[in-house]
$ cat coords_38.tsv   # TSV, C-alpha atoms
chain	number	residue	atom	x	y	z
D	1	MET	CA	-92.94	57.45	84.50
D	2	SER	CA	-91.21	56.40	87.70
D	3	ARG	CA	-88.41	53.83	87.84
D	4	GLN	CA	-90.67	51.34	89.61
D	5	ALA	CA	-93.34	51.70	86.91
D	6	ARG	CA	-90.76	51.16	84.15
D	7	TRP	CA	-89.46	48.10	85.99
D	8	GLU	CA	-92.95	46.64	86.37
D	9	ARG	CA	-93.63	47.27	82.65
D	10	GLN	CA	-90.47	45.36	81.63
D	11	PHE	CA	-91.34	42.59	84.07
D	12	LYS	CA	-94.77	42.18	82.39
D	13	ILE	CA	-93.02	41.91	79.02
D	14	LEU	CA	-90.79	39.23	80.57
D	15	GLN	CA	-93.86	37.32	81.80
D	16	GLN	CA	-95.34	37.43	78.29
D	17	PHE	CA	-92.04	36.09	76.89
D	18	VAL	CA	-92.06	33.22	79.41
D	19	ASP	CA	-95.69	32.37	78.59
D	20	GLU	CA	-94.87	32.29	74.88
D	21	HIS	CA	-91.53	30.48	74.93
D	22	GLY	CA	-91.65	28.47	78.16
D	23	HIS	CA	-88.38	29.88	79.57
D	24	ALA	CA	-86.76	33.14	80.62
D	25	ASN	CA	-83.53	32.85	78.58
D	26	VAL	CA	-84.09	36.06	76.62
D	27	PRO	CA	-81.50	36.77	73.87
D	28	PHE	CA	-79.38	39.81	74.65
D	29	HIS	CA	-80.32	41.54	71.37
D	30	HIS	CA	-84.07	40.93	71.66
D	31	PRO	CA	-85.97	43.62	69.66
D	32	SER	CA	-87.93	44.78	72.71
D	33	GLY	CA	-84.74	45.51	74.66
D	34	LEU	CA	-85.80	42.86	77.19
D	35	GLY	CA	-82.47	41.02	76.94
D	36	LYS	CA	-80.44	44.11	77.87
D	37	TRP	CA	-82.85	44.91	80.72
D	38	LEU	CA	-82.52	41.38	82.10
D	39	SER	CA	-78.74	41.62	81.82
D	40	ARG	CA	-78.83	44.80	83.97
D	41	GLN	CA	-80.90	42.97	86.61
D	42	ARG	CA	-78.21	40.25	86.80
D	43	THR	CA	-75.56	42.95	87.15
D	44	HIS	CA	-77.51	44.59	90.02
D	45	TRP	CA	-77.82	41.17	91.69
D	46	ASN	CA	-74.09	40.45	91.39
D	47	ARG	CA	-73.34	43.86	92.97
D	48	GLY	CA	-75.91	43.36	95.75
D	49	LYS	CA	-78.13	46.20	94.50
D	50	LEU	CA	-81.20	44.16	93.46
D	51	GLY	CA	-84.05	44.38	95.96
D	52	ALA	CA	-85.32	41.20	97.60
D	53	GLU	CA	-88.83	41.61	96.17
D	54	ARG	CA	-87.56	42.06	92.61
D	55	TYR	CA	-85.23	39.10	93.06
D	56	ARG	CA	-88.17	36.98	94.23
D	57	LEU	CA	-90.32	37.99	91.25
D	58	LEU	CA	-87.58	37.31	88.69
D	59	LEU	CA	-86.76	33.99	90.30
D	60	GLY	CA	-90.44	33.04	90.20
D	61	VAL	CA	-90.64	33.27	86.40
D	62	GLY	CA	-87.54	31.12	85.97
D	63	CYS	CA	-84.89	33.80	85.59
D	64	THR	CA	-81.34	32.61	86.25
D	65	PHE	CA	-78.76	35.00	87.70
D	66	ASN	CA	-75.72	32.93	86.78
D	67	TYR	CA	-74.70	32.43	83.14
D	68	TYR	CA	-73.28	28.97	83.78
D	69	ASP	CA	-76.45	27.91	85.58
D	70	ALA	CA	-78.44	29.04	82.56
D	71	CYS	CA	-76.24	27.02	80.21
D	72	TRP	CA	-76.57	23.95	82.43
D	73	MET	CA	-80.36	24.26	82.54
D	74	LYS	CA	-80.49	24.64	78.76
D	75	ARG	CA	-78.59	21.38	78.32
D	76	PHE	CA	-80.70	19.68	80.98
D	77	GLN	CA	-83.89	20.70	79.17
D	78	GLU	CA	-82.46	19.22	75.94
D	79	LEU	CA	-81.71	15.99	77.81
D	80	CYS	CA	-85.30	15.92	79.10
D	81	VAL	CA	-86.59	16.19	75.53
D	82	TYR	CA	-84.20	13.44	74.38
D	83	HIS	CA	-85.34	11.19	77.26
D	84	THR	CA	-88.98	11.75	76.32
D	85	GLN	CA	-88.29	10.82	72.68
D	86	HIS	CA	-86.02	7.80	73.21
D	87	GLY	CA	-86.78	6.56	76.72
D	88	HIS	CA	-83.15	6.73	77.91
D	89	THR	CA	-80.26	9.19	78.34
D	90	MET	CA	-77.64	7.37	76.26
D	91	VAL	CA	-77.09	10.27	73.86
D	92	SER	CA	-75.13	9.31	70.76
D	93	SER	CA	-72.13	11.42	69.79
D	94	ASN	CA	-73.51	11.79	66.25
D	95	ASN	CA	-76.87	13.14	67.44
D	96	THR	CA	-77.82	16.04	65.15
D	97	GLN	CA	-80.90	17.24	67.00
D	98	PHE	CA	-78.90	18.42	70.02
D	99	PRO	CA	-75.26	19.00	68.99
D	100	GLY	CA	-72.87	18.87	71.93
D	101	LEU	CA	-75.32	17.15	74.27
D	102	ALA	CA	-73.35	13.87	74.27
D	103	GLU	CA	-70.15	15.71	75.32
D	104	TRP	CA	-72.12	17.51	78.05
D	105	CYS	CA	-73.31	14.14	79.41
D	106	VAL	CA	-69.71	12.88	79.46
D	107	LYS	CA	-68.72	15.96	81.48
D	108	GLN	CA	-71.51	15.35	84.04
D	109	ARG	CA	-70.30	11.77	84.53
D	110	HIS	CA	-66.76	13.00	85.10
D	111	LEU	CA	-67.86	15.68	87.58
D	112	ALA	CA	-69.91	13.13	89.51
D	113	LYS	CA	-66.99	10.69	89.54
D	114	VAL	CA	-64.59	13.24	91.06
D	115	GLY	CA	-67.26	14.54	93.47
D	116	LYS	CA	-67.66	18.00	91.94
D	117	LEU	CA	-71.26	17.76	90.71
D	118	ASP	CA	-73.74	19.89	92.64
D	119	ASP	CA	-76.23	17.87	94.72
D	120	ASP	CA	-79.25	19.58	93.14
D	121	ARG	CA	-77.98	18.82	89.64
D	122	TYR	CA	-77.24	15.23	90.63
D	123	ARG	CA	-80.83	14.81	91.87
D	124	ARG	CA	-82.23	16.31	88.67
D	125	LEU	CA	-80.22	13.88	86.54
D	126	GLU	CA	-81.15	10.96	88.79
D	127	GLY	CA	-84.81	11.83	88.15
D	128	LEU	CA	-84.20	11.01	84.47
D	129	LYS	CA	-82.46	7.73	85.42
D	130	PHE	CA	-79.22	9.17	84.08
D	131	VAL	CA	-76.62	6.51	83.24
D	132	TRP	CA	-73.52	7.24	85.32
D	133	GLU	CA	-71.56	4.18	84.16
D	134	LEU	CA	-71.52	4.10	80.37
D	135	LYS	CA	-70.81	0.36	80.03
D	136	GLU	CA	-73.75	-0.54	82.26
D	137	GLY	CA	-75.97	1.80	80.27
D	138	VAL	CA	-75.04	0.16	76.97
D	139	TRP	CA	-75.65	-3.27	78.50
D	140	GLU	CA	-79.09	-2.26	79.77
D	141	GLN	CA	-80.04	-0.75	76.41
D	142	HIS	CA	-79.13	-3.93	74.52
D	143	PHE	CA	-80.83	-6.10	77.12
D	144	GLU	CA	-84.08	-4.17	76.61
D	145	GLU	CA	-83.70	-4.64	72.85
D	146	LEU	CA	-83.19	-8.37	73.43
D	147	VAL	CA	-86.39	-8.52	75.50
D	148	VAL	CA	-88.28	-6.92	72.60
D	149	TYR	CA	-86.67	-9.36	70.15
D	150	LYS	CA	-87.76	-12.38	72.18
D	151	GLY	CA	-91.28	-11.02	72.46
D	152	THR	CA	-91.39	-10.75	68.67
D	153	TYR	CA	-89.58	-13.90	67.53
D	154	GLY	CA	-89.87	-16.22	70.56
D	155	ASP	CA	-86.15	-16.75	71.27
D	156	CYS	CA	-82.91	-14.87	71.96
D	157	ASN	CA	-80.94	-16.27	69.00
D	158	VAL	CA	-80.38	-13.02	67.11
D	159	PRO	CA	-78.88	-13.92	63.70
D	160	LYS	CA	-75.28	-12.89	63.12
D	161	GLY	CA	-75.18	-9.62	61.19
D	162	TRP	CA	-78.93	-9.08	61.56
D	163	VAL	CA	-79.67	-6.19	59.20
D	164	GLU	CA	-82.46	-4.69	61.31
D	165	ASN	CA	-80.21	-4.20	64.36
D	166	ASP	CA	-76.59	-5.11	63.71
D	167	GLY	CA	-75.57	-3.65	67.09
D	168	LEU	CA	-77.80	-6.12	68.97
D	169	ALA	CA	-76.52	-9.04	66.88
D	170	SER	CA	-72.89	-8.10	67.61
D	171	TRP	CA	-73.68	-7.70	71.32
D	172	VAL	CA	-75.25	-11.18	71.51
D	173	GLN	CA	-72.23	-12.73	69.74
D	174	ASP	CA	-69.88	-10.86	72.09
D	175	LEU	CA	-71.77	-12.13	75.15
D	176	ARG	CA	-71.24	-15.74	74.13
D	177	HIS	CA	-67.62	-15.14	73.17
D	178	ARG	CA	-66.73	-13.49	76.48
D	179	ARG	CA	-68.61	-16.10	78.50
D	180	TRP	CA	-66.78	-19.04	76.96
D	181	ALA	CA	-63.43	-17.24	76.98
D	182	SER	CA	-63.88	-16.73	80.73
D	183	VAL	CA	-64.87	-20.38	81.26
D	184	ARG	CA	-61.87	-21.69	79.31
D	185	SER	CA	-59.31	-19.43	80.98
D	186	GLY	CA	-60.87	-19.39	84.45
D	187	ILE	CA	-60.06	-15.68	84.68
D	188	LYS	CA	-62.66	-12.96	85.22
D	189	ASP	CA	-61.84	-9.37	84.25
D	190	SER	CA	-63.82	-6.13	84.00
D	191	SER	CA	-65.43	-7.28	80.74
D	192	THR	CA	-66.85	-10.46	82.30
D	193	LEU	CA	-70.58	-10.60	83.03
D	194	THR	CA	-71.67	-10.19	86.64
D	195	GLN	CA	-73.72	-12.89	88.34
D	196	THR	CA	-76.77	-10.62	88.23
D	197	GLN	CA	-76.41	-10.10	84.48
D	198	GLU	CA	-75.99	-13.84	83.85
D	199	ARG	CA	-79.06	-14.60	85.98
D	200	ARG	CA	-81.18	-12.03	84.09
D	201	LEU	CA	-80.10	-13.49	80.75
D	202	SER	CA	-80.82	-17.04	81.90
D	203	GLN	CA	-84.29	-16.03	83.16
D	204	LEU	CA	-84.96	-14.52	79.75
D	205	GLY	CA	-84.12	-17.86	78.11
D	206	PHE	CA	-80.76	-16.88	76.62
D	207	GLU	CA	-78.88	-19.85	75.11
D	208	TRP	CA	-75.13	-19.75	75.60
D	209	ASP	CA	-74.49	-22.50	73.06
D	210	PRO	CA	-77.41	-22.45	70.58
D	211	PRO	CA	-77.62	-25.19	67.95
D	212	CYS	CA	-76.22	-24.08	64.59
D	213	PRO	CA	-78.28	-25.37	61.65
D	214	THR	CA	-76.25	-26.84	58.82
D	215	TRP	CA	-76.40	-25.58	55.24
D	216	GLU	CA	-78.57	-28.55	54.26
D	217	GLU	CA	-81.06	-27.91	57.08
D	218	ARG	CA	-81.50	-24.30	56.06
D	219	TYR	CA	-81.78	-25.24	52.42
D	220	ALA	CA	-84.48	-27.78	53.32
D	221	ALA	CA	-86.38	-25.10	55.25
D	222	VAL	CA	-86.30	-22.74	52.25
D	223	ALA	CA	-87.30	-25.58	49.93
D	224	ALA	CA	-90.28	-26.32	52.20
D	225	VAL	CA	-91.43	-22.70	51.82
D	226	ARG	CA	-91.12	-23.04	48.06
D	227	ALA	CA	-93.05	-26.32	48.11
D	228	ARG	CA	-95.96	-24.62	49.89
D	229	GLY	CA	-96.21	-22.21	46.97
D	230	GLY	CA	-94.36	-19.31	48.53
D	231	ALA	CA	-91.59	-17.34	46.90
D	232	VAL	CA	-88.07	-17.74	48.20
D	233	ASP	CA	-87.76	-14.00	48.74
D	234	SER	CA	-90.93	-14.00	50.88
D	235	VAL	CA	-89.36	-16.06	53.69
D	236	THR	CA	-90.37	-14.48	57.02
D	237	ASP	CA	-88.06	-16.37	59.38
D	238	GLN	CA	-85.27	-13.97	60.37
D	239	GLU	CA	-82.50	-16.59	60.42
D	240	LEU	CA	-83.47	-17.92	56.99
D	241	ARG	CA	-83.62	-14.41	55.56
D	242	GLN	CA	-80.17	-13.66	56.93
D	243	TRP	CA	-78.89	-16.99	55.57
D	244	LEU	CA	-80.16	-16.08	52.08
D	245	VAL	CA	-78.39	-12.71	52.36
D	246	GLU	CA	-75.17	-14.59	53.15
D	247	GLN	CA	-75.61	-16.87	50.12
D	248	ARG	CA	-75.98	-13.82	47.87
D	249	ARG	CA	-72.87	-12.33	49.44
D	250	PHE	CA	-70.91	-15.57	48.87
D	251	GLN	CA	-72.08	-15.67	45.25
D	252	ALA	CA	-71.06	-12.02	44.70
D	253	ARG	CA	-67.58	-12.80	46.07
D	254	GLY	CA	-67.32	-15.90	43.88
D	255	VAL	CA	-66.96	-18.38	46.76
D	256	LEU	CA	-70.30	-20.18	46.42
D	257	SER	CA	-69.88	-23.65	44.95
D	258	LEU	CA	-71.48	-24.58	41.64
D	259	ASP	CA	-73.63	-27.27	43.29
D	260	ARG	CA	-75.08	-24.88	45.87
D	261	PHE	CA	-75.58	-22.15	43.27
D	262	THR	CA	-77.47	-24.57	41.01
D	263	ARG	CA	-79.71	-25.83	43.80
D	264	LEU	CA	-80.60	-22.36	45.04
D	265	ASN	CA	-81.11	-21.18	41.49
D	266	ALA	CA	-83.59	-24.03	40.96
D	267	LEU	CA	-85.63	-22.72	43.90
D	268	GLY	CA	-85.95	-19.36	42.17
D	269	LEU	CA	-83.64	-17.32	44.39
D	270	ARG	CA	-83.03	-13.88	42.91
D	271	TRP	CA	-79.32	-13.16	43.10
D	272	ASP	CA	-79.75	-9.49	42.33
D	273	LYS	CA	-82.47	-8.01	44.49
D	274	ASP	CA	-82.78	-5.24	41.92
D	275	ASP	CA	-82.35	-6.56	38.37
D	276	SER	CA	-82.36	-3.01	37.06
D	277	VAL	CA	-78.80	-2.56	38.40
D	278	PHE	CA	-77.37	-4.78	35.66
D	279	SER	CA	-79.31	-2.93	32.96
D	280	THR	CA	-78.17	0.42	34.33
D	281	ARG	CA	-74.50	-0.62	34.26
D	282	ILE	CA	-74.87	-1.91	30.69
D	283	GLU	CA	-76.35	1.45	29.63
D	284	GLN	CA	-73.50	3.32	31.32
D	285	LEU	CA	-70.93	1.17	29.50
D	286	GLU	CA	-72.71	1.68	26.17
D	287	LYS	CA	-72.58	5.44	26.64
D	288	LEU	CA	-68.85	5.37	27.47
D	289	ILE	CA	-68.12	3.19	24.43
D	290	ARG	CA	-70.07	5.51	22.12
D	291	GLU	CA	-68.13	8.52	23.40
D	292	HIS	CA	-64.62	7.06	23.64
D	293	GLY	CA	-64.56	3.80	21.71
D	294	PHE	CA	-64.47	0.21	22.90
D	295	GLU	CA	-60.69	-0.19	23.05
D	296	ALA	CA	-60.16	2.96	25.13
D	297	VAL	CA	-62.85	1.98	27.64
D	298	LYS	CA	-61.63	-1.61	27.91
D	299	ASP	CA	-57.98	-0.56	28.35
D	300	ALA	CA	-58.96	1.86	31.14
D	301	LEU	CA	-60.99	-0.82	32.96
D	302	GLU	CA	-58.40	-3.56	32.52
D	303	ALA	CA	-55.74	-1.26	33.98
D	304	VAL	CA	-57.39	-1.38	37.43
D	305	VAL	CA	-58.27	-5.09	37.43
D	306	GLY	CA	-56.48	-6.96	40.17
D	307	CYS	CA	-56.16	-4.00	42.56
D	308	SER	CA	-58.46	-2.25	45.01
D	309	GLN	CA	-58.64	0.91	42.92
D	310	THR	CA	-62.21	1.81	41.87
D	311	ALA	CA	-61.58	5.08	40.04
D	312	CYS	CA	-60.09	5.36	36.57
D	313	LEU	CA	-60.05	7.72	33.60
D	314	VAL	CA	-60.77	6.88	29.98
D	315	THR	CA	-58.98	9.16	27.51
D	316	THR	CA	-59.61	9.83	23.82
D	317	ARG	CA	-57.26	11.56	21.38
D	318	LEU	CA	-58.95	13.89	18.94
D	319	TRP	CA	-57.33	15.38	15.83
D	320	THR	CA	-58.58	18.74	14.62
D	321	THR	CA	-57.49	20.53	11.42
D	322	HIS	CA	-56.39	24.16	11.65
D	323	GLY	CA	-55.37	25.69	8.34
D	324	GLU	CA	-52.52	23.60	6.96
D	325	GLY	CA	-51.79	21.58	10.09
D	326	GLU	CA	-53.45	19.25	12.57
D	327	GLU	CA	-53.69	19.64	16.30
D	328	GLU	CA	-54.08	16.83	18.82
D	329	ALA	CA	-56.49	17.21	21.74
D	330	VAL	CA	-57.02	14.77	24.61
D	331	ARG	CA	-60.46	14.32	26.14
D	332	ALA	CA	-60.73	12.50	29.48
D	333	ALA	CA	-63.74	11.28	31.42
D	334	GLU	CA	-63.97	9.51	34.76
D	335	ILE	CA	-65.56	6.07	34.83
D	336	PRO	CA	-67.87	5.93	37.91
D	337	PRO	CA	-66.50	3.70	40.72
D	338	SER	CA	-69.78	1.75	40.72
D	339	VAL	CA	-69.19	0.79	37.07
D	340	VAL	CA	-65.56	-0.20	37.77
D	341	SER	CA	-66.54	-2.46	40.70
D	342	TRP	CA	-69.37	-3.99	38.67
D	343	TYR	CA	-67.04	-4.61	35.70
D	344	LYS	CA	-64.53	-6.42	37.93
D	345	ARG	CA	-67.29	-8.59	39.36
D	346	GLN	CA	-68.70	-9.58	35.94
D	347	ARG	CA	-65.20	-10.28	34.63
D	348	GLY	CA	-64.52	-12.56	37.60
D	349	TYR	CA	-67.79	-14.42	37.03
D	350	ALA	CA	-67.02	-14.99	33.36
D	351	ARG	CA	-63.50	-16.27	33.94
D	352	ARG	CA	-63.84	-18.30	37.13
D	353	ARG	CA	-67.54	-18.78	37.90
D	354	SER	CA	-69.30	-18.76	34.55
D	355	TRP	CA	-72.46	-20.30	36.02
D	356	CYS	CA	-73.01	-17.10	38.00
D	357	LEU	CA	-73.85	-15.28	34.75
D	358	SER	CA	-77.14	-16.10	33.08
D	359	PRO	CA	-77.10	-16.70	29.27
D	360	ASP	CA	-78.99	-13.45	28.76
D	361	ARG	CA	-76.40	-11.44	30.68
D	362	ARG	CA	-73.54	-13.14	28.83
D	363	ARG	CA	-75.21	-12.14	25.54
D	364	GLN	CA	-75.55	-8.52	26.67
D	365	LEU	CA	-71.89	-8.34	27.65
D	366	ALA	CA	-70.80	-10.05	24.43
D	367	GLY	CA	-72.89	-7.54	22.50
D	368	LEU	CA	-70.64	-4.80	23.88
D	369	GLY	CA	-67.51	-6.78	23.00
D	370	PHE	CA	-66.67	-8.24	26.42
D	371	MET	CA	-66.02	-11.97	25.91
D	372	TRP	CA	-63.46	-12.75	28.59
D	373	ALA	CA	-63.83	-16.55	28.47
D	374	ALA	CA	-63.33	-16.57	24.68
D	375	GLU	CA	-60.28	-14.33	25.01
D	376	ASP	CA	-58.77	-16.68	27.60
D	377	GLU	CA	-59.33	-19.65	25.30
D	378	LEU	CA	-57.75	-17.82	22.35
D	379	ALA	CA	-54.76	-16.85	24.48
D	380	ARG	CA	-54.38	-20.46	25.64
D	381	MET	CA	-54.44	-21.71	22.05
D	382	ASN	CA	-51.84	-19.12	21.03
D	383	TRP	CA	-49.54	-20.16	23.84
D	384	GLN	CA	-49.93	-23.83	22.91
D	385	TYR	CA	-49.09	-22.97	19.29
D	386	MET	CA	-45.99	-21.01	20.33
D	387	ASP	CA	-44.87	-23.83	22.64
D	388	ALA	CA	-45.28	-26.31	19.78
D	389	GLU	CA	-43.23	-24.07	17.48
D	390	ASP	CA	-40.47	-23.88	20.09
D	391	ASP	CA	-40.47	-27.68	20.50
D	392	ASN	CA	-40.24	-28.21	16.73
D	393	SER	CA	-37.39	-25.72	16.46
D	394	THR	CA	-35.46	-27.43	19.27
D	395	THR	CA	-35.99	-30.89	17.72
D	396	SER	CA	-34.82	-29.83	14.24
D	397	THR	CA	-31.67	-28.24	15.68
D	398	SER	CA	-30.77	-31.29	17.70
D	399	THR	CA	-31.21	-33.71	14.75
D	400	GLU	CA	-29.26	-31.63	12.23
D	401	ALA	CA	-25.96	-33.27	11.23
D	402	PRO	CA	-22.84	-31.51	12.51
D	403	GLN	CA	-20.72	-29.67	9.92
D	404	ARG	CA	-17.20	-30.92	9.36
$ encode --input "coords_38.tsv" --output "structure tokens"
Amino acid sequence: MSRQARWERQFKILQQFVDEHGHANVPFHHPSGLGKWLSRQRTHWNRGKLGAERYRLLLGVGCTFNYYDACWMKRFQELCVYHTQHGHTMVSSNNTQFPGLAEWCVKQRHLAKVGKLDDDRYRRLEGLKFVWELKEGVWEQHFEELVVYKGTYGDCNVPKGWVENDGLASWVQDLRHRRWASVRSGIKDSSTLTQTQERRLSQLGFEWDPPCPTWEERYAAVAAVRARGGAVDSVTDQELRQWLVEQRRFQARGVLSLDRFTRLNALGLRWDKDDSVFSTRIEQLEKLIREHGFEAVKDALEAVVGCSQTACLVTTRLWTTHGEGEEEAVRAAEIPPSVVSWYKRQRGYARRRSWCLSPDRRRQLAGLGFMWAAEDELARMNWQYMDAEDDNSTTSTSTEAPQR
């Protein structure tokens, strides 16, 4: 077989590869030997020994003769796929589908900024509406999200800490903060909104100083839902749902007043979205107490109360008999951080916010031996008794007649 015939046979195999995979980036160790053959064609081209007709044929099926060009095209193809999936080219640094693509985009921005990006590559990226200025790209992305939000909810007042898109909520809060900081100081810096951006927000109906409903107004709105026969947890208004989340958070931190807790409790608000959590923690404590004893478990938990530590060990000393003597063994087990945090929270409720614990939950904790309020009362009575004893002792000493 002549050299030309062998070349044409390998070229047909290359065409089949392109038809099957959609590209001509053949791995070097491809089983058919196609990768090594293609590498030789690149070598011939670099040395000026590749005929014009063969060069034209290879170029026509998408073969690249420069390794760096091939790498660039591979990344560009990944960016095209990302743009098709997400509608933009703001690739996140934690993207797992295309590792390294975000860093590649950063490099293209830098090359364009210093004037070293090839014109053809620049045009290709422009065709995808590539974001050259990262800050503007982030702004445009959030603005599009705000447009969608208004179309869904009718306004631009995204609740603070909105769970469905916390990034959009933070962006909206930051817009208002920067706007009023600029107005008060009279100074505009690089972080200040442009006139075009302010005009687009105003046309969308963005409120720079939206009215803030009071606690009573929101409570009345929730009560109205309850009066219509709906459940408190079925509230559909986004601001009211977020407000209820905040009330649960305040109650968990022990900063919700007794009056507000009682009123919300009367509406049927569930403080624990999953009541099974309490039962699970009780079962975990029961298992630890069975294995190590109540005193050992309590001492281990009390040792980390008052600090941020959420990991602790409970130890048990075991005595085993060997012949004529006894040997001591220590068994240790780690108390899960979730149990430690939960224990601290229940202890705080019992001692400072007893109304946050339902009678049933207090009974379950007391059944395990945890009666913090009773222990505090006993300690207070003991201290009062000791103070009274000290007072009596001092009085009797002062009234005793001096010896002569």
$ atom_distance --input "coords_38.tsv" --atom1 "atom CA of Phe278 of chain D" --atom2 "atom CA of Arg362 of chain D"
11.5 Å
$ atom_distance --input "coords_38.tsv" --atom1 "atom CA of Glu140 of chain D" --atom2 "atom CA of Pro159 of chain D"
19.9 Å
$ atom_distance --input "coords_38.tsv" --atom1 "atom CA of Leu38 of chain D" --atom2 "atom CA of Val26 of chain D"
7.8 Å
$ residues_around --input "coords_38.tsv" --residues "Gln77 of chain D" --least-positions-apart "6" --cutoff "12 Å" --atoms "only C-alpha atoms" --output "count of residues only"
11
$ residues_around --input "coords_38.tsv" --residues "segment 224-231 of chain D" --least-positions-apart "3" --cutoff "9 Å" --atoms "all atoms listed in the file" --output "ChimeraX atom specification"
/D:219-221,234-235,267-269
$ residues_near_point --input "coords_38.tsv" --point "(-75.5, 22.0, 90.3)" --cutoff "10 Å" --atoms "all atoms listed in the file" --output "list of chain:residue names"
D:Tyr68, D:Asp69, D:Trp72, D:Met73, D:Gln108, D:Lys116, D:Leu117, D:Asp118, D:Asp119, D:Asp120, D:Arg121, D:Tyr122, D:Arg123, D:Arg124
$ write_last_selection --input "coords_38.tsv" --atoms "C-alpha atoms" --output "short mmCIF file (atom, residue, chain, number, x, y, z; two decimals), in the frame of the given file"
data_model
loop_
_atom_site.label_atom_id
_atom_site.label_comp_id
_atom_site.auth_asym_id
_atom_site.auth_seq_id
_atom_site.Cartn_x
_atom_site.Cartn_y
_atom_site.Cartn_z
CA TYR D 68 -73.28 28.97 83.78
CA ASP D 69 -76.45 27.91 85.58
CA TRP D 72 -76.57 23.95 82.43
CA MET D 73 -80.36 24.26 82.54
CA GLN D 108 -71.51 15.35 84.04
CA LYS D 116 -67.66 18.00 91.94
CA LEU D 117 -71.26 17.76 90.71
CA ASP D 118 -73.74 19.89 92.64
CA ASP D 119 -76.23 17.87 94.72
CA ASP D 120 -79.25 19.58 93.14
CA ARG D 121 -77.98 18.82 89.64
CA TYR D 122 -77.24 15.23 90.63
CA ARG D 123 -80.83 14.81 91.87
CA ARG D 124 -82.23 16.31 88.67
#
$ residues_around --input "coords_38.tsv" --residues "Gly369 of chain D" --least-positions-apart "2" --cutoff "12 Å" --atoms "all atoms listed in the file" --output "NGL selection string"
:D and (282 or 285-286 or 289 or 293-295 or 297-298 or 362-367 or 371-375)
$ residues_around --input "coords_38.tsv" --residues "segment 195-210 of chain D" --least-positions-apart "4" --cutoff "10 Å" --atoms "all atoms listed in the file" --output "ChimeraX atom specification"
/D:139-140,143,146-147,150,154-157,172-173,175-177,179-180
$ axis_aligned_box --input "coords_38.tsv" --around "segment 79-85 of chain D" --padding-each-side "8 Å" --output "AutoDock Vina command-line options"
--center_x -85.3 --center_y 13.5 --center_z 75.9 --size_x 23.3 --size_y 21.4 --size_z 22.4
$ residues_around --input "coords_38.tsv" --residues "Arg260 of chain D" --least-positions-apart "4" --cutoff "12 Å" --atoms "all atoms listed in the file" --output "ChimeraX atom specification"
/D:215-216,219,244,247-248,250-251,255-256,264-267,269,355-356
$ closest_residue --input "coords_38.tsv" --among "D:Val114, D:Leu59, D:Leu79, D:Leu14" --to "Gly127 of chain D" --atoms "all atoms listed in the file"
D:Leu79
$ closest_residue --input "coords_38.tsv" --among "D:Trp171, D:Phe130, D:Tyr55, D:Tyr343" --to "Val158 of chain D" --atoms "all atoms listed in the file"
D:Trp171
